[in-house]
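**Q** Contents of target23.csv (CSV, C-alpha atoms and all ligand atoms):
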```csv
chain,number,residue,atom,x,y,z
A,1,MET,CA,0.0,0.0,0.0
A,2,ARG,CA,2.9,2.4,0.8
A,3,GLU,CA,4.6,1.6,-2.4
A,4,ALA,CA,1.4,2.1,-4.3
A,5,ALA,CA,0.9,5.5,-2.6
A,6,GLN,CA,4.4,6.5,-3.7
A,7,ARG,CA,3.7,5.5,-7.3
A,8,LEU,CA,0.4,7.4,-7.3
A,9,ALA,CA,2.0,10.5,-5.7
A,10,SER,CA,4.8,10.5,-8.3
A,11,ALA,CA,2.2,10.4,-11.0
A,12,GLY,CA,0.6,13.5,-9.6
A,13,VAL,CA,-2.4,11.9,-7.9
A,14,GLU,CA,-3.7,14.1,-5.1
A,15,ASN,CA,-4.2,12.4,-1.8
A,16,ALA,CA,-2.3,9.3,-3.0
A,17,PRO,CA,-2.2,7.6,0.5
A,18,ARG,CA,-6.0,7.7,0.8
A,19,ASP,CA,-6.5,6.4,-2.7
A,20,ALA,CA,-4.0,3.5,-2.1
A,21,ARG,CA,-5.9,2.6,1.1
A,22,LEU,CA,-9.3,2.7,-0.6
A,23,LEU,CA,-8.1,0.5,-3.5
A,24,LEU,CA,-6.5,-2.0,-1.2
A,25,ALA,CA,-9.7,-2.2,0.9
A,26,HIS,CA,-11.6,-2.7,-2.4
A,27,ALA,CA,-9.2,-5.5,-3.5
A,28,LEU,CA,-9.5,-7.2,-0.1
A,29,GLY,CA,-13.3,-6.7,0.1
A,30,ILE,CA,-13.0,-5.0,3.5
A,31,GLU,CA,-13.9,-1.5,4.8
A,32,PRO,CA,-11.1,1.1,4.4
A,33,VAL,CA,-11.0,1.7,8.2
A,34,ASP,CA,-10.0,-2.0,8.7
A,35,VAL,CA,-6.9,-1.9,6.4
A,36,ILE,CA,-4.7,-0.6,9.2
A,37,LEU,CA,-6.0,-3.2,11.7
A,38,ARG,CA,-5.1,-6.0,9.3
A,39,GLU,CA,-1.7,-4.6,8.4
A,40,THR,CA,0.1,-7.8,9.6
A,41,ASP,CA,-2.2,-10.3,7.8
A,42,SER,CA,-0.9,-12.0,4.8
A,43,ILE,CA,-2.5,-11.2,1.4
A,44,ASP,CA,-3.3,-13.8,-1.2
A,45,ILE,CA,-2.1,-13.6,-4.7
A,46,GLY,CA,-5.6,-13.0,-6.2
A,47,ALA,CA,-6.2,-9.9,-4.0
A,48,LEU,CA,-2.7,-8.7,-4.7
A,49,THR,CA,-3.3,-8.9,-8.4
A,50,ASP,CA,-6.6,-7.1,-8.1
A,51,PHE,CA,-4.9,-4.4,-6.1
A,52,GLU,CA,-2.2,-4.0,-8.7
A,53,GLN,CA,-4.7,-3.8,-11.5
A,54,ALA,CA,-6.7,-1.2,-9.5
A,55,VAL,CA,-3.5,0.9,-9.0
A,56,GLN,CA,-2.7,0.7,-12.7
A,57,ARG,CA,-6.2,2.0,-13.5
A,58,ARG,CA,-5.8,4.9,-11.0
A,59,LEU,CA,-2.4,5.7,-12.5
A,60,ARG,CA,-4.1,6.1,-15.9
A,61,GLY,CA,-6.4,8.7,-14.3
A,62,GLU,CA,-9.5,6.6,-13.6
A,63,PRO,CA,-11.3,7.9,-10.5
A,64,VAL,CA,-11.4,5.6,-7.4
A,65,SER,CA,-15.3,5.6,-7.5
A,66,ARG,CA,-15.2,4.2,-11.1
A,67,ILE,CA,-12.7,1.5,-10.1
A,68,ARG,CA,-14.8,0.5,-7.1
A,69,GLY,CA,-18.1,1.0,-8.9
A,70,TRP,CA,-19.6,3.1,-6.2
A,71,ARG,CA,-19.3,6.3,-4.4
A,72,GLU,CA,-20.5,7.5,-1.0
A,73,PHE,CA,-22.9,10.5,-1.1
A,74,TYR,CA,-24.7,12.0,1.8
A,75,GLY,CA,-23.8,8.9,3.9
A,76,ARG,CA,-25.1,6.3,1.4
A,77,ARG,CA,-23.6,4.1,-1.3
A,78,PHE,CA,-24.5,4.9,-4.9
A,79,THR,CA,-23.6,2.8,-7.9
A,80,VAL,CA,-21.5,4.8,-10.4
A,81,THR,CA,-20.8,3.7,-14.0
A,82,SER,CA,-19.5,5.3,-17.1
A,83,ASP,CA,-23.1,6.4,-17.9
A,84,VAL,CA,-23.4,8.8,-14.9
A,85,LEU,CA,-21.6,11.8,-13.4
A,86,ASP,CA,-19.5,10.7,-10.4
A,87,PRO,CA,-21.4,12.5,-7.6
A,88,ARG,CA,-19.4,15.3,-6.0
A,89,PRO,CA,-19.3,16.1,-2.3
A,90,GLU,CA,-20.3,19.8,-3.0
A,91,THR,CA,-23.6,18.5,-4.5
A,92,GLU,CA,-24.6,17.5,-0.9
A,93,LEU,CA,-25.3,21.2,-0.4
A,94,LEU,CA,-28.5,20.8,-2.6
A,95,VAL,CA,-29.6,17.8,-0.5
A,96,GLU,CA,-29.0,19.5,2.8
A,97,GLN,CA,-30.7,22.8,1.8
A,98,GLY,CA,-33.5,21.0,-0.1
A,99,LEU,CA,-34.4,19.0,3.0
A,100,ASN,CA,-34.6,22.2,5.0
A,101,ARG,CA,-37.3,23.4,2.6
A,102,LEU,CA,-39.3,20.2,2.0
A,103,PRO,CA,-42.7,20.2,3.7
A,104,ARG,CA,-44.0,17.0,5.3
A,105,GLY,CA,-45.3,14.6,2.6
A,106,GLY,CA,-43.8,16.9,0.0
A,107,ARG,CA,-43.2,16.1,-3.7
A,108,VAL,CA,-39.7,16.6,-5.1
A,109,LEU,CA,-38.4,17.0,-8.7
A,110,ASP,CA,-34.7,16.4,-9.6
A,111,LEU,CA,-33.8,17.7,-13.1
A,112,GLY,CA,-30.8,15.9,-14.6
A,113,THR,CA,-30.9,13.2,-12.0
A,114,GLY,CA,-27.9,11.1,-13.3
A,115,SER,CA,-27.1,8.5,-10.6
A,116,GLY,CA,-30.2,9.8,-8.7
A,117,CYS,CA,-27.9,10.9,-5.8
A,118,ILE,CA,-29.8,14.1,-5.0
A,119,LEU,CA,-33.4,12.9,-5.3
A,120,LEU,CA,-32.8,9.5,-3.7
A,121,SER,CA,-30.9,11.0,-0.8
A,122,VAL,CA,-33.8,13.3,-0.1
A,123,LEU,CA,-36.3,10.5,-0.3
A,124,ALA,CA,-34.1,8.3,1.9
A,125,GLU,CA,-34.0,11.0,4.5
A,126,SER,CA,-37.8,11.9,4.3
A,127,GLN,CA,-39.8,8.7,4.5
A,128,ASP,CA,-43.1,10.5,3.7
A,129,ALA,CA,-41.8,12.3,0.5
A,130,ALA,CA,-42.2,11.2,-3.1
A,131,GLY,CA,-40.4,12.4,-6.1
A,132,THR,CA,-39.6,12.4,-9.8
A,133,GLY,CA,-36.1,12.2,-11.5
A,134,LEU,CA,-35.8,13.4,-15.0
A,135,ASP,CA,-32.8,12.8,-17.3
A,136,ILE,CA,-32.3,12.8,-21.1
A,137,SER,CA,-30.0,9.8,-20.8
A,138,ARG,CA,-31.6,6.4,-20.7
A,139,PRO,CA,-28.5,4.6,-19.4
A,140,ALA,CA,-28.2,7.1,-16.6
A,141,LEU,CA,-31.8,6.5,-15.6
A,142,ALA,CA,-31.1,2.7,-15.5
A,143,VAL,CA,-28.3,3.4,-12.9
A,144,ALA,CA,-30.7,5.7,-10.9
A,145,ARG,CA,-33.3,2.9,-10.9
A,146,ARG,CA,-30.7,0.5,-9.5
A,147,ASN,CA,-29.8,3.0,-6.8
A,148,ALA,CA,-33.5,3.6,-5.9
A,149,GLU,CA,-34.0,-0.2,-5.4
A,150,ALA,CA,-30.8,-0.5,-3.4
A,151,LEU,CA,-31.9,2.3,-1.1
A,152,GLY,CA,-35.4,0.9,-0.8
A,153,VAL,CA,-37.2,4.0,-2.1
A,154,SER,CA,-38.4,2.7,-5.5
A,155,SER,CA,-42.1,2.8,-4.6
A,156,ARG,CA,-41.8,6.6,-4.0
A,157,VAL,CA,-40.0,7.5,-7.1
A,158,THR,CA,-40.8,8.0,-10.8
A,159,PHE,CA,-38.2,8.4,-13.5
A,160,ILE,CA,-38.8,10.4,-16.8
A,161,GLU,CA,-36.6,10.1,-19.9
A,162,ALA,CA,-36.9,13.6,-21.3
A,163,GLY,CA,-35.2,17.0,-21.8
A,164,TRP,CA,-35.7,20.0,-19.5
A,165,SER,CA,-39.1,20.8,-20.9
A,166,GLY,CA,-40.5,17.3,-20.6
A,167,VAL,CA,-41.6,17.5,-17.0
A,168,TYR,CA,-45.0,16.0,-16.1
A,169,GLY,CA,-46.7,14.8,-12.9
A,170,GLY,CA,-46.3,18.0,-10.9
A,171,PRO,CA,-46.8,20.4,-9.2
A,172,PHE,CA,-43.8,19.9,-6.9
A,173,ASP,CA,-43.0,21.5,-3.5
A,174,LEU,CA,-39.2,21.3,-4.1
A,175,VAL,CA,-37.2,21.3,-7.3
A,176,MET,CA,-33.5,20.7,-7.5
A,177,SER,CA,-31.1,20.6,-10.3
A,178,ASN,CA,-27.4,20.0,-10.8
A,179,PRO,CA,-27.4,20.4,-14.6
A,180,PRO,CA,-24.3,20.3,-16.8
A,181,TYR,CA,-22.9,23.8,-16.5
A,182,ILE,CA,-19.2,23.8,-17.5
A,183,PRO,CA,-18.7,26.4,-20.3
A,184,GLU,CA,-17.7,24.7,-23.5
A,185,ALA,CA,-14.4,26.6,-23.6
A,186,ASP,CA,-13.3,25.2,-20.2
A,187,ILE,CA,-13.7,21.5,-21.1
A,188,ALA,CA,-10.2,21.1,-22.6
A,189,GLY,CA,-8.6,22.4,-19.4
A,190,LEU,CA,-10.4,19.9,-17.1
A,191,ALA,CA,-8.4,17.3,-15.1
A,192,MET,CA,-8.1,13.9,-16.9
A,193,ASP,CA,-10.2,12.1,-14.2
A,194,VAL,CA,-13.1,14.5,-15.1
A,195,ARG,CA,-12.8,15.0,-18.8
A,196,GLY,CA,-11.8,11.4,-19.5
A,197,TYR,CA,-14.4,9.6,-17.3
A,198,ASP,CA,-17.6,11.7,-16.7
A,199,PRO,CA,-20.0,11.6,-19.6
A,200,HIS,CA,-19.7,14.7,-21.8
A,201,LEU,CA,-23.5,15.2,-21.7
A,202,ALA,CA,-23.2,15.5,-17.9
A,203,LEU,CA,-20.5,18.1,-18.0
A,204,THR,CA,-21.4,20.7,-20.5
A,205,PRO,CA,-24.4,21.9,-22.4
A,206,GLY,CA,-22.1,24.0,-24.7
A,207,GLY,CA,-21.9,27.8,-24.8
A,208,ASP,CA,-21.6,29.6,-21.5
A,209,GLY,CA,-22.9,26.5,-19.6
A,210,LEU,CA,-26.1,28.2,-18.4
A,211,ASP,CA,-28.7,27.2,-21.0
A,212,PRO,CA,-30.1,24.4,-18.7
A,213,HIS,CA,-30.7,27.0,-15.9
A,214,ARG,CA,-32.4,29.3,-18.4
A,215,ALA,CA,-34.6,26.4,-19.8
A,216,ILE,CA,-35.5,25.2,-16.3
A,217,LEU,CA,-36.5,28.6,-15.1
A,218,LYS,CA,-38.6,29.2,-18.2
A,219,GLY,CA,-40.6,26.0,-17.6
A,220,MET,CA,-40.8,26.5,-13.8
A,221,PRO,CA,-44.3,28.1,-13.6
A,222,GLY,CA,-45.7,24.9,-15.1
A,223,TRP,CA,-44.5,22.6,-12.4
A,224,LEU,CA,-43.3,24.4,-9.2
A,225,LYS,CA,-46.1,25.0,-6.7
A,226,PRO,CA,-46.7,28.6,-5.7
A,227,GLY,CA,-44.7,28.9,-2.4
A,228,GLY,CA,-42.4,26.0,-3.5
A,229,CYS,CA,-38.6,26.2,-3.6
A,230,ILE,CA,-36.1,25.6,-6.4
A,231,GLY,CA,-32.4,25.1,-5.9
A,232,PHE,CA,-29.6,25.0,-8.5
A,233,GLU,CA,-25.9,24.0,-8.5
A,234,PHE,CA,-23.6,26.0,-10.7
A,235,GLY,CA,-19.9,26.4,-11.4
A,236,ILE,CA,-17.1,28.8,-10.3
A,237,GLU,CA,-18.0,32.4,-11.1
A,238,GLN,CA,-21.6,31.6,-12.2
A,239,ALA,CA,-23.3,32.6,-9.0
A,240,ALA,CA,-24.1,36.2,-10.1
A,241,ALA,CA,-25.5,35.1,-13.5
A,242,VAL,CA,-27.6,32.4,-12.0
A,243,THR,CA,-29.0,34.4,-9.1
A,244,MET,CA,-29.8,37.3,-11.6
A,245,MET,CA,-31.8,34.8,-13.7
A,246,MET,CA,-33.6,33.5,-10.6
A,247,ARG,CA,-34.5,37.1,-9.7
A,248,GLN,CA,-35.7,37.8,-13.2
A,249,ALA,CA,-37.9,34.7,-13.1
A,250,GLY,CA,-39.6,36.3,-10.0
A,251,LEU,CA,-38.1,34.1,-7.3
A,252,LEU,CA,-38.0,35.4,-3.8
A,253,ASP,CA,-35.7,34.8,-0.7
A,254,ILE,CA,-32.7,33.9,-3.0
A,255,LYS,CA,-29.8,32.5,-0.9
A,256,ILE,CA,-26.4,31.4,-2.1
A,257,TYR,CA,-24.5,28.5,-0.4
A,258,HIS,CA,-20.7,27.9,-0.4
A,259,ASP,CA,-18.9,24.6,-0.6
A,260,LEU,CA,-16.1,23.6,1.9
A,261,ALA,CA,-13.6,25.3,-0.3
A,262,GLY,CA,-15.5,28.6,0.1
A,263,ILE,CA,-16.8,28.6,-3.5
A,264,ALA,CA,-20.4,29.8,-4.2
A,265,ARG,CA,-21.9,26.5,-5.5
A,266,ALA,CA,-25.7,26.5,-5.0
A,267,ALA,CA,-28.6,28.9,-4.8
A,268,PHE,CA,-32.2,28.4,-3.6
A,269,GLY,CA,-35.2,30.6,-4.2
A,270,ARG,CA,-38.9,30.5,-3.5
A,271,ARG,CA,-41.8,31.0,-5.8
A,272,ALA,CA,-44.3,33.6,-4.6
A,273,ALA,CA,-47.3,32.0,-2.8
A,301,LIG,C1,-24.0,17.3,-13.8
A,301,LIG,S1,-24.9,15.8,-14.1
A,301,LIG,C2,-25.7,15.7,-12.6
A,301,LIG,C3,-26.1,14.3,-12.2
A,301,LIG,C4,-26.6,14.1,-10.7
A,301,LIG,N1,-27.8,14.9,-10.5
A,301,LIG,C5,-25.5,14.6,-9.7
A,301,LIG,O1,-25.6,15.7,-9.1
A,301,LIG,O2,-24.5,13.9,-9.6
A,301,LIG,C6,-26.2,16.4,-15.2
A,301,LIG,C7,-27.2,15.4,-15.7
A,301,LIG,O3,-28.1,16.1,-16.6
A,301,LIG,C8,-28.4,15.3,-17.7
A,301,LIG,N2,-28.7,16.1,-18.9
A,301,LIG,C9,-27.9,16.7,-19.8
A,301,LIG,N3,-28.6,17.3,-20.7
A,301,LIG,C10,-29.9,17.2,-20.4
A,301,LIG,C11,-31.1,17.7,-21.0
A,301,LIG,N4,-31.1,18.4,-22.1
A,301,LIG,N5,-32.3,17.3,-20.4
A,301,LIG,C12,-32.3,16.5,-19.3
A,301,LIG,N6,-31.2,16.0,-18.7
A,301,LIG,C13,-30.0,16.4,-19.2
A,301,LIG,C14,-27.1,14.4,-17.9
A,301,LIG,O4,-27.5,13.2,-18.6
A,301,LIG,C15,-26.6,14.2,-16.5
A,301,LIG,O5,-27.1,13.1,-15.9
```
Could you rewrite the structure in this file as structure tokens?
Ligand SMILES: C[S@@+](CC[C@H](N)C(=O)[O-])C[C@H]1O[C@@H](n2cnc3c(N)ncnc32)[C@H](O)[C@@H]1O

**A**
Amino acid sequence: MREAAQRLASAGVENAPRDARLLLAHALGIEPVDVILRETDSIDIGALTDFEQAVQRRLRGEPVSRIRGWREFYGRRFTVTSDVLDPRPETELLVEQGLNRLPRGGRVLDLGTGSGCILLSVLAESQDAAGTGLDISRPALAVARRNAEALGVSSRVTFIEAGWSGVYGGPFDLVMSNPPYIPEADIAGLAMDVRGYDPHLALTPGGDGLDPHRAILKGMPGWLKPGGCIGFEFGIEQAAAVTMMMRQAGLLDIKIYHDLAGIARAAFGRRAA
């Protein structure tokens, strides 16, 4: 594990010791916290080969979550494949703030659901809520369905294969979206473990990256309940543009939230009652 950490660090992998421990735990089929406890155990050749293969994949830039096939998000395990965006910790802001705004027995809509991480986390936390996840990608929706089953919330969720204007089944009390928002011009400069592994469709809508926010706000009167709340994630330096659009769409009580790195990442607003 130490040798792997050194190789990963030399290849420029950030947090190489953590990744080496996660990959060894994966190869051994144990929890990462147990790796240190088992430091003096012998390792069989099969696990050693699996570990080496996993390290090789990480050295080529593949993210740990894709090698393991899952990622922890808001305290739960989500299956992650090449068809979905690897959920990011900063997106937990939407879940946290969405839950604060969800009335009892509320109905939730997640636009661009991907792995389903936002919607399914909210439903897992609120046993009386029901929701809809929309995505234009059929393979992504298949992953979201698997995650809904694994989390035991399938009976309270509906998935729709459609674009931003294809919403039906509302009105909703809470709408959240982490749409693709990276400006087209920034794609080439992204790190390899983003550009090479997350689906292009999940990363950028082209142009300035904000067309999804515009389209969603345009459709909003058709499916957000009066008095209901809507929350968006956005990228670095997009907060002013997104909150301006939200204001122009008539939303009230607009609040911006920052991630752990201090970057403005999400905003919520309320439709007038
Ligand atoms: C940034 S990913 C977010 C996935 C997930 N909600 C998350 O936070 O990890 C954006 C998602 O929007 C979907 N998407 C892209 N263009 C779309 C469109 N025109 N209509 C609906 N969904 C779209 C992508 O397939 C992708 O799953």

**Q** List as a ChimeraX atom specification the protein and nucleic acid residues lying within 8 Å of ligand LIG 301 (chain A), with all atoms listed in the file counted.

**A** /A:84-88,91,110-119,134-137,140,161-165,177-181,199,201-205,212

**Q** Quote the spacing between CA of Arg145 in chain A and CA of Gly219 in chain A in Å to one decimal place.

**A**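 According to the coordinates, CA of Arg145 in chain A and CA of Gly219 in chain A are separated by 25.1 Å.
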
**Q** Quick one: everything within 12 Å of range 220-222 of chain A, counting all atoms listed in the file, minus sequence neighbours fewer than 6 positions away in the same chain. Send it as a short mmCIF file (atom, residue, chain, number, x, y, z; two decimals) with C-alpha atoms, keeping the file's coordinate frame.

**A**
```
data_model
loop_
_atom_site.label_atom_id
_atom_site.label_comp_id
_atom_site.auth_asym_id
_atom_site.auth_seq_id
_atom_site.Cartn_x
_atom_site.Cartn_y
_atom_site.Cartn_z
CA LEU A 109 -38.40 17.00 -8.70
CA LEU A 111 -33.80 17.70 -13.10
CA TRP A 164 -35.70 20.00 -19.50
CA SER A 165 -39.10 20.80 -20.90
CA GLY A 166 -40.50 17.30 -20.60
CA VAL A 167 -41.60 17.50 -17.00
CA TYR A 168 -45.00 16.00 -16.10
CA GLY A 169 -46.70 14.80 -12.90
CA GLY A 170 -46.30 18.00 -10.90
CA PRO A 171 -46.80 20.40 -9.20
CA PHE A 172 -43.80 19.90 -6.90
CA ASP A 173 -43.00 21.50 -3.50
CA LEU A 174 -39.20 21.30 -4.10
CA VAL A 175 -37.20 21.30 -7.30
CA MET A 176 -33.50 20.70 -7.50
CA SER A 177 -31.10 20.60 -10.30
CA PRO A 212 -30.10 24.40 -18.70
CA HIS A 213 -30.70 27.00 -15.90
CA ARG A 214 -32.40 29.30 -18.40
CA GLY A 228 -42.40 26.00 -3.50
CA CYS A 229 -38.60 26.20 -3.60
CA ILE A 230 -36.10 25.60 -6.40
CA GLY A 231 -32.40 25.10 -5.90
CA MET A 246 -33.60 33.50 -10.60
CA ALA A 249 -37.90 34.70 -13.10
CA GLY A 250 -39.60 36.30 -10.00
CA LEU A 251 -38.10 34.10 -7.30
CA GLY A 269 -35.20 30.60 -4.20
CA ARG A 270 -38.90 30.50 -3.50
CA ARG A 271 -41.80 31.00 -5.80
CA ALA A 272 -44.30 33.60 -4.60
CA ALA A 273 -47.30 32.00 -2.80
#
```

**Q** Figure out the distance between CA of Gly131 in chain A and CA of Val157 in chain A, please, to one decimal in Å.

**A** 5.0 Å

**Q** Within 12 Å of Ile182 in chain A, counting only C-alpha atoms, which residues show up once you throw out same-chain ones fewer than 2 positions away? Write them as an NGL selection string, please.

**A** :A and (178-180 or 184-190 or 194-195 or 200-212 or 233-238)

**Q** Only C-alpha atoms, please: the residues just picked out, written as a short mmCIF file (atom, residue, chain, number, x, y, z; two decimals), in the frame of the given file.

**A**
```
data_model
loop_
_atom_site.label_atom_id
_atom_site.label_comp_id
_atom_site.auth_asym_id
_atom_site.auth_seq_id
_atom_site.Cartn_x
_atom_site.Cartn_y
_atom_site.Cartn_z
CA ASN A 178 -27.40 20.00 -10.80
CA PRO A 179 -27.40 20.40 -14.60
CA PRO A 180 -24.30 20.30 -16.80
CA GLU A 184 -17.70 24.70 -23.50
CA ALA A 185 -14.40 26.60 -23.60
CA ASP A 186 -13.30 25.20 -20.20
CA ILE A 187 -13.70 21.50 -21.10
CA ALA A 188 -10.20 21.10 -22.60
CA GLY A 189 -8.60 22.40 -19.40
CA LEU A 190 -10.40 19.90 -17.10
CA VAL A 194 -13.10 14.50 -15.10
CA ARG A 195 -12.80 15.00 -18.80
CA HIS A 200 -19.70 14.70 -21.80
CA LEU A 201 -23.50 15.20 -21.70
CA ALA A 202 -23.20 15.50 -17.90
CA LEU A 203 -20.50 18.10 -18.00
CA THR A 204 -21.40 20.70 -20.50
CA PRO A 205 -24.40 21.90 -22.40
CA GLY A 206 -22.10 24.00 -24.70
CA GLY A 207 -21.90 27.80 -24.80
CA ASP A 208 -21.60 29.60 -21.50
CA GLY A 209 -22.90 26.50 -19.60
CA LEU A 210 -26.10 28.20 -18.40
CA ASP A 211 -28.70 27.20 -21.00
CA PRO A 212 -30.10 24.40 -18.70
CA GLU A 233 -25.90 24.00 -8.50
CA PHE A 234 -23.60 26.00 -10.70
CA GLY A 235 -19.90 26.40 -11.40
CA ILE A 236 -17.10 28.80 -10.30
CA GLU A 237 -18.00 32.40 -11.10
CA GLN A 238 -21.60 31.60 -12.20
#
```

**Q** If I take CA of Ala124 in chain A and CA of Leu151 in chain A, how far is one from the other in Å, to one decimal?

**A**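 Atom-to-atom, CA of Ala124 in chain A to CA of Leu151 in chain A, that is 7.1 Å.
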
**Q** If you count all atoms listed in the file, which residues fall within 9 Å of Arg60 in chain A, apart from same-chain ones fewer than 3 positions away, as a ChimeraX atom specification?

**A** /A:55-57,192-193

**Q** Could you give me, as a list in words, the residues that have an atom at most 12 Å away from the point (-37.5, 11.7, 6.3) in the coordinates of the file, using only C-alpha atoms?

**A**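 Here the neighbourhood of the point contains Gly98, Leu99, Asn100, Leu102, Pro103, Arg104, Gly105, Gly106, Leu120, Ser121, Val122, Leu123, Ala124, Glu125, Ser126, Gln127, Asp128, Ala129, Ala130 and Val153 of chain A.
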
**Q** Could you check which of A:Val64, A:Ala240, A:Ala54, A:Ile45 is closest to Arg265 in chain A, using all atoms listed in the file?

**A**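 The answer is A:Ala240, which sits nearest to Arg265 in chain A.
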
**Q** Go through A:Val242, A:Leu37, A:Ile67, A:Ala191 one by one, measure the shortest atom-to-atom distance of each to Leu22 in chain A using all atoms listed in the file, and give the residue with the smallest value.

**A** A:Ile67

**Q** Using all atoms listed in the file, which residue out of A:Arg146, A:Arg66, A:Arg76, A:Arg156 lies closest to Thr132 in chain A?

**A** A:Arg156

**Q** Considering only C-alpha atoms, state which residue in the set A:Gly61, A:Pro32, A:Gly46, A:Gly133 is at the smallest distance from Ala11 in chain A.

**A**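 Of the candidates, the smallest distance to Ala11 in chain A is held by A:Gly61.
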
**Q** Env of Glu14 in chain A: 12 Å cut, atoms = all atoms listed in the file, seq-sep filter 4 positions within chain, self excluded. Answer as a list of chain:residue names.

**A** A:Ala5, A:Gln6, A:Arg7, A:Leu8, A:Ala9, A:Ser10, A:Arg18, A:Asp19, A:Ala20, A:Arg58, A:Leu59, A:Gly61, A:Pro63, A:Val64, A:Ala191, A:Asp193
